[in-house]
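A.B. asks: Input: one structure, supplied below.
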Amino acid sequence: MSLNGKTFIVTGATSGIGQATARELAQRGGKVFITARSEEKARPVLDELGGDADYLQLELGDLDSVRQCAKDFVARDEPLHGLINNAGLAGQRGITDSGFELAFGTNHVGHFLFTNLLLDKLKESAPARIVNVSSQSHYDAKGIDYTAVRKPTKSITGMPEYAVSKLANVVHAQELARRLDGTGVTAYSLHPGVIASNVWRRVPWPFDALMKLFMKSNEEGARTSVYCATSPDVANDSGKYYDNRKEKEPNKVATPELGAELWAKSEEWTAS
Ligand SMILES: NC(=O)c1ccc[n+]([C@@H]2O[C@H](COP(=O)([O-])OP(=O)(O)OC[C@H]3O[C@@H](n4cnc5c(N)ncnc54)[C@H](OP(=O)(O)O)[C@@H]3O)[C@@H](O)[C@H]2O)c1
């Protein structure tokens, strides 16, 4: 299916699944804005994508950067048919510049604000879609501890916190679907597969090389994102979670109550 005349933003497209997603959308004729933390990182990807691609600077851990990035995009006076909230980190520890647990602040809070600031643009451009790249790790989370997510990462591995951030991605998409019902803007979340991207950069050699033998390629990792962003098959399936281009039941703790609660908290945290 041609994507001529369609405009997309892919966050975190300097490597891995995001880069492969941007490539696939551009190859099919879409205009793609990639986000990157610096122009230096964006440049090789832009060169590969060709003429109709552009770059937006975005550091998701800094809410001022998120606000500026959304403002920069709106100033371009472009439509927005697909927002792919792909950027993310796993297995790292710390706190974001804006004071959130590192994985939660980057993977959820930054994307929550970015999406909200682009909602009018998405509604104006409808039909339009929001795609949150979550993970099967979200099944490991038992809920969201709103006090813990305002503190530095507690675990040694950072993986329990990553699971919570990925649960937030699922719940955010579900709540967006409820709030955007009737607007022509639909929302999805997904697991991309276990992919040999740079997300494993903290795993030491030779374990990283061994693990990657059993993983799928970045191109395979992009498939479900592209499917959710473009396929007519899911045009009316707002709020659903996908794995390998198939709908799947998400974690049972992803309830409408959690969605409303997370939305209220996230709004409070990101109010300027
Ligand atoms: N790989 C897997 O097996 C797997 C499995 C399940 C889910 N996922 C999800 O897939 C998504 C893409 O990950 P990937 O595997 O492709 O990893 P990756 O190769 O490490 O790519 C992650 C991207 O996110 C960007 N990013 C990280 N922190 C950021 C921040 N604070 N602000 C802005 N951008 C930031 C990175 O930019 P820099 O280059 O500047 O760091 C990079 O472009 C993530 O959401 C991840 O949770 C991956």
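Chain labels follow the order of the structure tokens: the first chain is A, the next B, and so on; residue numbering restarts at 1 in every chain, and ligands are counted from 1 in their shown order.
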If DSSP is run on the backbone, what residues of segment 63-233 of chain A are alpha helix (DSSP H)? A reply as a PyMOL selection string would be ideal.
C.D. replies: chain A and resi 63-75+102-103+110-124+159-179+207-212+218-230
A.B. asks: Please provide the set of residues having any atom within 12 Å of Pro192 of chain A, restricted to only C-alpha atoms, with same-chain residues fewer than 6 positions apart removed, written as a VMD selection string.
C.D. replies: chain A and resid 16 to 18 20 to 21 86 131 to 137 215 to 228 241 to 246
A.B. asks: Find the nearest atom pair between each residue of chain A and ligand 1 for residues within 6 Å, count only C-alpha atoms and all ligand atoms, give distances in Å to one decimal, sort rows by chain and ascending number, and present the table as a Markdown table.
C.D. replies:
```
| residue | atom | partner | partner_atom_place_in_ligand_line | distance |
| --- | --- | --- | --- | --- |
| A:Gly12 | CA | ligand 1 | 43 (O) | 3.3 |
| A:Ala13 | CA | ligand 1 | 43 (O) | 4.6 |
| A:Thr14 | CA | ligand 1 | 43 (O) | 4.0 |
| A:Ser15 | CA | ligand 1 | 19 (O) | 4.5 |
| A:Gly16 | CA | ligand 1 | 16 (O) | 3.5 |
| A:Ile17 | CA | ligand 1 | 16 (O) | 3.7 |
| A:Gly18 | CA | ligand 1 | 16 (O) | 5.5 |
| A:Ala36 | CA | ligand 1 | 34 (N) | 5.9 |
| A:Arg37 | CA | ligand 1 | 40 (O) | 5.0 |
| A:Leu58 | CA | ligand 1 | 33 (C) | 5.4 |
| A:Glu59 | CA | ligand 1 | 32 (N) | 3.7 |
| A:Leu60 | CA | ligand 1 | 32 (N) | 3.8 |
| A:Gly61 | CA | ligand 1 | 31 (N) | 4.8 |
| A:Asn86 | CA | ligand 1 | 45 (O) | 4.7 |
| A:Ala87 | CA | ligand 1 | 24 (O) | 3.4 |
| A:Gly88 | CA | ligand 1 | 45 (O) | 3.8 |
| A:Leu89 | CA | ligand 1 | 27 (C) | 5.1 |
| A:Thr106 | CA | ligand 1 | 31 (N) | 5.1 |
| A:Val133 | CA | ligand 1 | 45 (O) | 5.1 |
| A:Ser134 | CA | ligand 1 | 7 (C) | 5.5 |
| A:Ser135 | CA | ligand 1 | 6 (C) | 4.0 |
| A:His191 | CA | ligand 1 | 6 (C) | 5.5 |
| A:Pro192 | CA | ligand 1 | 6 (C) | 5.5 |
| A:Gly193 | CA | ligand 1 | 5 (C) | 5.5 |
| A:Val194 | CA | ligand 1 | 3 (O) | 3.5 |
| A:Ile195 | CA | ligand 1 | 3 (O) | 3.6 |
| A:Ala196 | CA | ligand 1 | 1 (N) | 5.8 |
| A:Ser197 | CA | ligand 1 | 19 (O) | 4.4 |
| A:Asn198 | CA | ligand 1 | 19 (O) | 3.7 |
| A:Val199 | CA | ligand 1 | 20 (O) | 3.5 |
```
A.B. asks: Taking 3 positions as the minimum chain separation for residues in the same chain, which residues sit within 12 Å of Arg43 of chain A when counting only C-alpha atoms? Answer as a PyMOL selection string.
C.D. replies: chain A and resi 13-15+19+34-40+46-50+53-57
A.B. asks: For the residues selected in the previous step, produce a file with all heavy atoms as a compact mmCIF listing (two decimals), in the first residue's frame.
C.D. replies:
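After the write, again.txt holds the following:
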```
# COMPACT_ATOMS: atom_id res chain seq x y z
N ALA A 13 14.62 7.13 16.05
CA ALA A 13 14.87 6.44 14.78
C ALA A 13 16.35 6.46 14.40
O ALA A 13 16.69 6.25 13.25
CB ALA A 13 14.01 7.05 13.68
N THR A 14 17.23 6.69 15.39
CA THR A 14 18.66 6.70 15.05
C THR A 14 19.23 5.30 14.99
O THR A 14 20.36 5.10 14.55
CB THR A 14 19.47 7.49 16.11
OG1 THR A 14 19.15 6.96 17.40
CG2 THR A 14 19.16 8.97 16.05
N SER A 15 18.48 4.32 15.48
CA SER A 15 18.98 2.95 15.39
C SER A 15 17.83 1.97 15.51
O SER A 15 16.67 2.37 15.69
CB SER A 15 20.02 2.67 16.50
OG SER A 15 19.39 2.52 17.74
N GLN A 19 14.69 2.98 13.33
CA GLN A 19 15.33 3.25 12.04
C GLN A 19 14.69 2.39 10.95
O GLN A 19 14.38 2.86 9.86
CB GLN A 19 16.83 2.99 12.13
CG GLN A 19 17.56 3.31 10.84
CD GLN A 19 19.08 3.19 10.95
OE1 GLN A 19 19.60 2.81 12.00
NE2 GLN A 19 19.77 3.52 9.89
N ILE A 34 12.06 11.95 11.65
CA ILE A 34 12.65 11.12 12.70
C ILE A 34 13.02 12.03 13.86
O ILE A 34 13.35 13.20 13.65
CB ILE A 34 13.88 10.34 12.19
CG1 ILE A 34 15.01 11.31 11.76
CG2 ILE A 34 13.50 9.40 11.05
CD1 ILE A 34 16.36 10.63 11.67
N THR A 35 12.97 11.50 15.07
CA THR A 35 13.51 12.28 16.18
C THR A 35 14.83 11.66 16.59
O THR A 35 15.02 10.44 16.49
CB THR A 35 12.57 12.35 17.40
OG1 THR A 35 12.70 11.14 18.17
CG2 THR A 35 11.13 12.61 17.01
N ALA A 36 15.72 12.52 17.03
CA ALA A 36 17.02 12.07 17.50
C ALA A 36 17.48 13.05 18.56
O ALA A 36 16.99 14.18 18.64
CB ALA A 36 18.02 12.02 16.35
N ARG A 37 18.43 12.59 19.40
CA ARG A 37 18.90 13.48 20.45
C ARG A 37 19.86 14.52 19.93
O ARG A 37 20.10 15.53 20.58
CB ARG A 37 19.52 12.66 21.57
CG ARG A 37 18.44 11.85 22.26
CD ARG A 37 18.88 11.38 23.59
NE ARG A 37 19.29 9.99 23.55
CZ ARG A 37 19.50 9.28 24.62
NH1 ARG A 37 19.36 9.84 25.81
NH2 ARG A 37 19.85 8.01 24.53
N SER A 38 20.45 14.27 18.75
CA SER A 38 21.33 15.28 18.15
C SER A 38 21.28 15.14 16.64
O SER A 38 20.98 14.06 16.11
CB SER A 38 22.78 15.07 18.62
OG SER A 38 23.28 13.88 18.07
N GLU A 39 21.62 16.23 15.96
CA GLU A 39 21.63 16.21 14.50
C GLU A 39 22.70 15.23 14.00
O GLU A 39 22.51 14.56 12.99
CB GLU A 39 21.89 17.61 13.95
CG GLU A 39 21.84 17.60 12.44
CD GLU A 39 21.61 18.95 11.81
OE1 GLU A 39 21.62 19.97 12.54
OE2 GLU A 39 21.42 18.99 10.58
N GLU A 40 23.79 15.16 14.76
CA GLU A 40 24.89 14.27 14.38
C GLU A 40 24.40 12.81 14.27
O GLU A 40 24.78 12.08 13.37
CB GLU A 40 25.95 14.38 15.48
CG GLU A 40 27.27 13.78 15.17
CD GLU A 40 28.12 13.71 16.44
OE1 GLU A 40 27.78 14.33 17.47
OE2 GLU A 40 29.12 12.97 16.37
N LEU A 46 19.06 10.18 7.98
CA LEU A 46 18.43 11.05 6.98
C LEU A 46 19.03 10.79 5.60
O LEU A 46 18.31 10.73 4.60
CB LEU A 46 18.60 12.52 7.34
CG LEU A 46 17.75 13.03 8.50
CD1 LEU A 46 18.05 14.50 8.75
CD2 LEU A 46 16.26 12.82 8.25
N ASP A 47 20.35 10.63 5.56
CA ASP A 47 21.03 10.37 4.28
C ASP A 47 20.48 9.09 3.66
O ASP A 47 20.25 8.99 2.46
CB ASP A 47 22.55 10.26 4.46
CG ASP A 47 23.16 11.62 4.79
OD1 ASP A 47 22.46 12.64 4.59
OD2 ASP A 47 24.32 11.66 5.25
N GLU A 48 20.25 8.09 4.51
CA GLU A 48 19.75 6.81 4.02
C GLU A 48 18.30 6.93 3.56
O GLU A 48 17.89 6.33 2.56
CB GLU A 48 19.86 5.78 5.15
CG GLU A 48 19.51 4.39 4.71
CD GLU A 48 19.01 3.50 5.83
OE1 GLU A 48 19.14 3.86 7.01
OE2 GLU A 48 18.44 2.45 5.50
N LEU A 49 17.50 7.72 4.29
CA LEU A 49 16.06 7.81 3.98
C LEU A 49 15.78 8.61 2.71
O LEU A 49 14.76 8.41 2.05
CB LEU A 49 15.28 8.42 5.14
CG LEU A 49 15.23 7.60 6.44
CD1 LEU A 49 14.46 8.34 7.51
CD2 LEU A 49 14.62 6.22 6.20
N GLY A 50 16.67 9.55 2.41
CA GLY A 50 16.49 10.33 1.17
C GLY A 50 15.70 11.60 1.38
O GLY A 50 15.34 11.95 2.52
N ALA A 53 12.67 13.04 3.95
CA ALA A 53 12.72 12.82 5.40
C ALA A 53 13.31 14.03 6.10
O ALA A 53 14.07 14.80 5.51
CB ALA A 53 13.58 11.60 5.70
N ASP A 54 12.92 14.22 7.35
CA ASP A 54 13.45 15.36 8.10
C ASP A 54 13.68 14.95 9.55
O ASP A 54 13.27 13.86 9.96
CB ASP A 54 12.47 16.54 7.99
CG ASP A 54 13.21 17.87 7.97
OD1 ASP A 54 14.33 17.94 8.50
OD2 ASP A 54 12.65 18.83 7.42
N TYR A 55 14.27 15.88 10.31
CA TYR A 55 14.72 15.53 11.66
C TYR A 55 14.17 16.53 12.68
O TYR A 55 14.06 17.72 12.41
CB TYR A 55 16.25 15.52 11.64
CG TYR A 55 16.93 16.04 12.88
CD1 TYR A 55 17.06 15.23 14.01
CD2 TYR A 55 17.48 17.32 12.91
CE1 TYR A 55 17.70 15.70 15.14
CE2 TYR A 55 18.12 17.79 14.04
CZ TYR A 55 18.23 16.97 15.16
OH TYR A 55 18.85 17.43 16.28
N LEU A 56 13.81 16.00 13.85
CA LEU A 56 13.39 16.85 14.97
C LEU A 56 14.26 16.46 16.16
O LEU A 56 14.46 15.27 16.42
CB LEU A 56 11.92 16.58 15.33
CG LEU A 56 10.87 16.86 14.26
CD1 LEU A 56 9.57 16.12 14.60
CD2 LEU A 56 10.60 18.37 14.15
N GLN A 57 14.73 17.47 16.89
CA GLN A 57 15.56 17.16 18.06
C GLN A 57 14.67 16.85 19.26
O GLN A 57 13.74 17.61 19.55
CB GLN A 57 16.46 18.35 18.36
CG GLN A 57 17.76 17.95 19.00
CD GLN A 57 17.91 18.48 20.39
OE1 GLN A 57 17.64 19.64 20.63
NE2 GLN A 57 18.34 17.64 21.30
```
A.B. asks: Would you kindly return, as an MDAnalysis selection string, each protein, DNA or RNA residue with an atom no farther than 7 Å from any atom of Lys123 of chain A, considering only C-alpha atoms and excluding same-chain residues fewer than 5 positions away?
C.D. replies: chainID A and resid 183:185
A.B. asks: At a cut-off of 12 Å, using only C-alpha atoms, what residues contact segment 3-6 of chain A? Leave out same-chain residues fewer than 3 positions from it and give the result as a list in words.
C.D. replies: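 Within the cut-off, the hits are Ile9, Glu24, Leu25, Ala26, Gln27, Arg28, Gly29, Gly30, Lys31, Val32, Phe33, Asp52, Ala53, Glu78, Pro79, Leu80, His81, Gly82, Leu83, Leu122, Ser125, Ala126, Pro127, Ala128, Arg129, Val226, Ala229, Thr230 and Ser231 of chain A.
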A.B. asks: Provide the atom CA of Gln92 of chain A to atom CA of Pro204 of chain A distance in Å, to one decimal place.
C.D. replies: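 So the two atoms, atom CA of Gln92 of chain A and atom CA of Pro204 of chain A, lie 13.4 Å apart.
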A.B. asks: Between atom CA of Phe73 of chain A and atom CA of Ala264 of chain A, what is the spacing in Å?
C.D. replies: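 Interatomic distance, atom CA of Ala264 of chain A to atom CA of Phe73 of chain A: 25.5 Å.
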A.B. asks: Point out the residue among A:Lys142, A:Lys166, A:Lys212, A:Arg201 with the least atom-to-atom distance to Val253 of chain A, counting only C-alpha atoms.
C.D. replies: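 Once distances to Val253 of chain A are computed over only C-alpha atoms, the minimum belongs to A:Lys142.
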A.B. asks: Could you give me, as a PyMOL selection string, the residues within 10 Å of Glu161 of chain A, counting only C-alpha atoms and dropping anything in the same chain fewer than 6 positions from it?
C.D. replies: chain A and resi 90-93+101-104+138+140-141+144-145+148-149+152-155+167
A.B. asks: Pick out the closest residue to Asn236 of chain A from this set: A:Val45, A:Leu190, A:Ala177, A:Ala70. Count only C-alpha atoms.
C.D. replies: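 Using only C-alpha atoms, the shortest distance to Asn236 of chain A belongs to A:Ala177.
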A.B. asks: Can you list, as a ChimeraX atom specification, every residue of segment 13-256 of chain A that DSSP puts in strand (DSSP E or B)?
C.D. replies: /A:31-36,54-57,82-85,95,101,128-133,185-191,195,216,241-243,246-248
A.B. asks: Those residues with C-alpha atoms, as a PDB file, in the first residue's frame please?
C.D. replies:
```pdb
ATOM      1  CA  LYS A  31       7.115  11.644   4.522  1.00  0.00           C
ATOM      2  CA  VAL A  32       8.973  10.745   7.699  1.00  0.00           C
ATOM      3  CA  PHE A  33      10.183  12.970  10.518  1.00  0.00           C
ATOM      4  CA  ILE A  34      12.650  11.120  12.697  1.00  0.00           C
ATOM      5  CA  THR A  35      13.509  12.278  16.176  1.00  0.00           C
ATOM      6  CA  ALA A  36      17.023  12.067  17.504  1.00  0.00           C
ATOM      7  CA  ASP A  54      13.451  15.361   8.097  1.00  0.00           C
ATOM      8  CA  TYR A  55      14.716  15.532  11.663  1.00  0.00           C
ATOM      9  CA  LEU A  56      13.389  16.848  14.971  1.00  0.00           C
ATOM     10  CA  GLN A  57      15.564  17.159  18.062  1.00  0.00           C
ATOM     11  CA  GLY A  82       1.029   8.589  12.214  1.00  0.00           C
ATOM     12  CA  LEU A  83       2.918   9.148  15.464  1.00  0.00           C
ATOM     13  CA  ILE A  84       5.114   6.176  16.324  1.00  0.00           C
ATOM     14  CA  ASN A  85       6.250   6.411  19.929  1.00  0.00           C
ATOM     15  CA  ILE A  95      16.623   9.530  36.898  1.00  0.00           C
ATOM     16  CA  GLU A 101      12.713   7.035  37.137  1.00  0.00           C
ATOM     17  CA  ALA A 128      -4.528   9.336  11.995  1.00  0.00           C
ATOM     18  CA  ARG A 129      -2.891   6.821  14.323  1.00  0.00           C
ATOM     19  CA  ILE A 130      -0.770   6.725  17.462  1.00  0.00           C
ATOM     20  CA  VAL A 131       1.425   3.650  17.927  1.00  0.00           C
ATOM     21  CA  ASN A 132       3.162   2.931  21.248  1.00  0.00           C
ATOM     22  CA  VAL A 133       6.026   0.460  20.999  1.00  0.00           C
ATOM     23  CA  VAL A 185      -7.569   9.165  15.657  1.00  0.00           C
ATOM     24  CA  THR A 186      -6.872   5.596  16.780  1.00  0.00           C
ATOM     25  CA  ALA A 187      -4.214   4.237  19.153  1.00  0.00           C
ATOM     26  CA  TYR A 188      -2.327   0.924  19.408  1.00  0.00           C
ATOM     27  CA  SER A 189       0.396  -0.727  21.465  1.00  0.00           C
ATOM     28  CA  LEU A 190       2.610  -3.634  20.546  1.00  0.00           C
ATOM     29  CA  HIS A 191       5.485  -5.983  21.238  1.00  0.00           C
ATOM     30  CA  ILE A 195      15.144  -7.941  18.295  1.00  0.00           C
ATOM     31  CA  LYS A 216      15.144 -11.284  14.979  1.00  0.00           C
ATOM     32  CA  TYR A 241      -2.315  -4.631  21.836  1.00  0.00           C
ATOM     33  CA  TYR A 242      -0.462  -6.522  19.060  1.00  0.00           C
ATOM     34  CA  ASP A 243       2.312  -9.084  18.856  1.00  0.00           C
ATOM     35  CA  LYS A 246      -1.861 -10.211  15.700  1.00  0.00           C
ATOM     36  CA  GLU A 247      -4.078  -8.892  18.442  1.00  0.00           C
ATOM     37  CA  LYS A 248      -3.236 -10.297  21.863  1.00  0.00           C
TER      38      LYS A 248
END
```
A.B. asks: At what distance in Å, to one decimal, does atom CA of Ala163 of chain A lie from atom CA of Tyr139 of chain A?
C.D. replies: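 These two atoms are separated by 7.3 Å.
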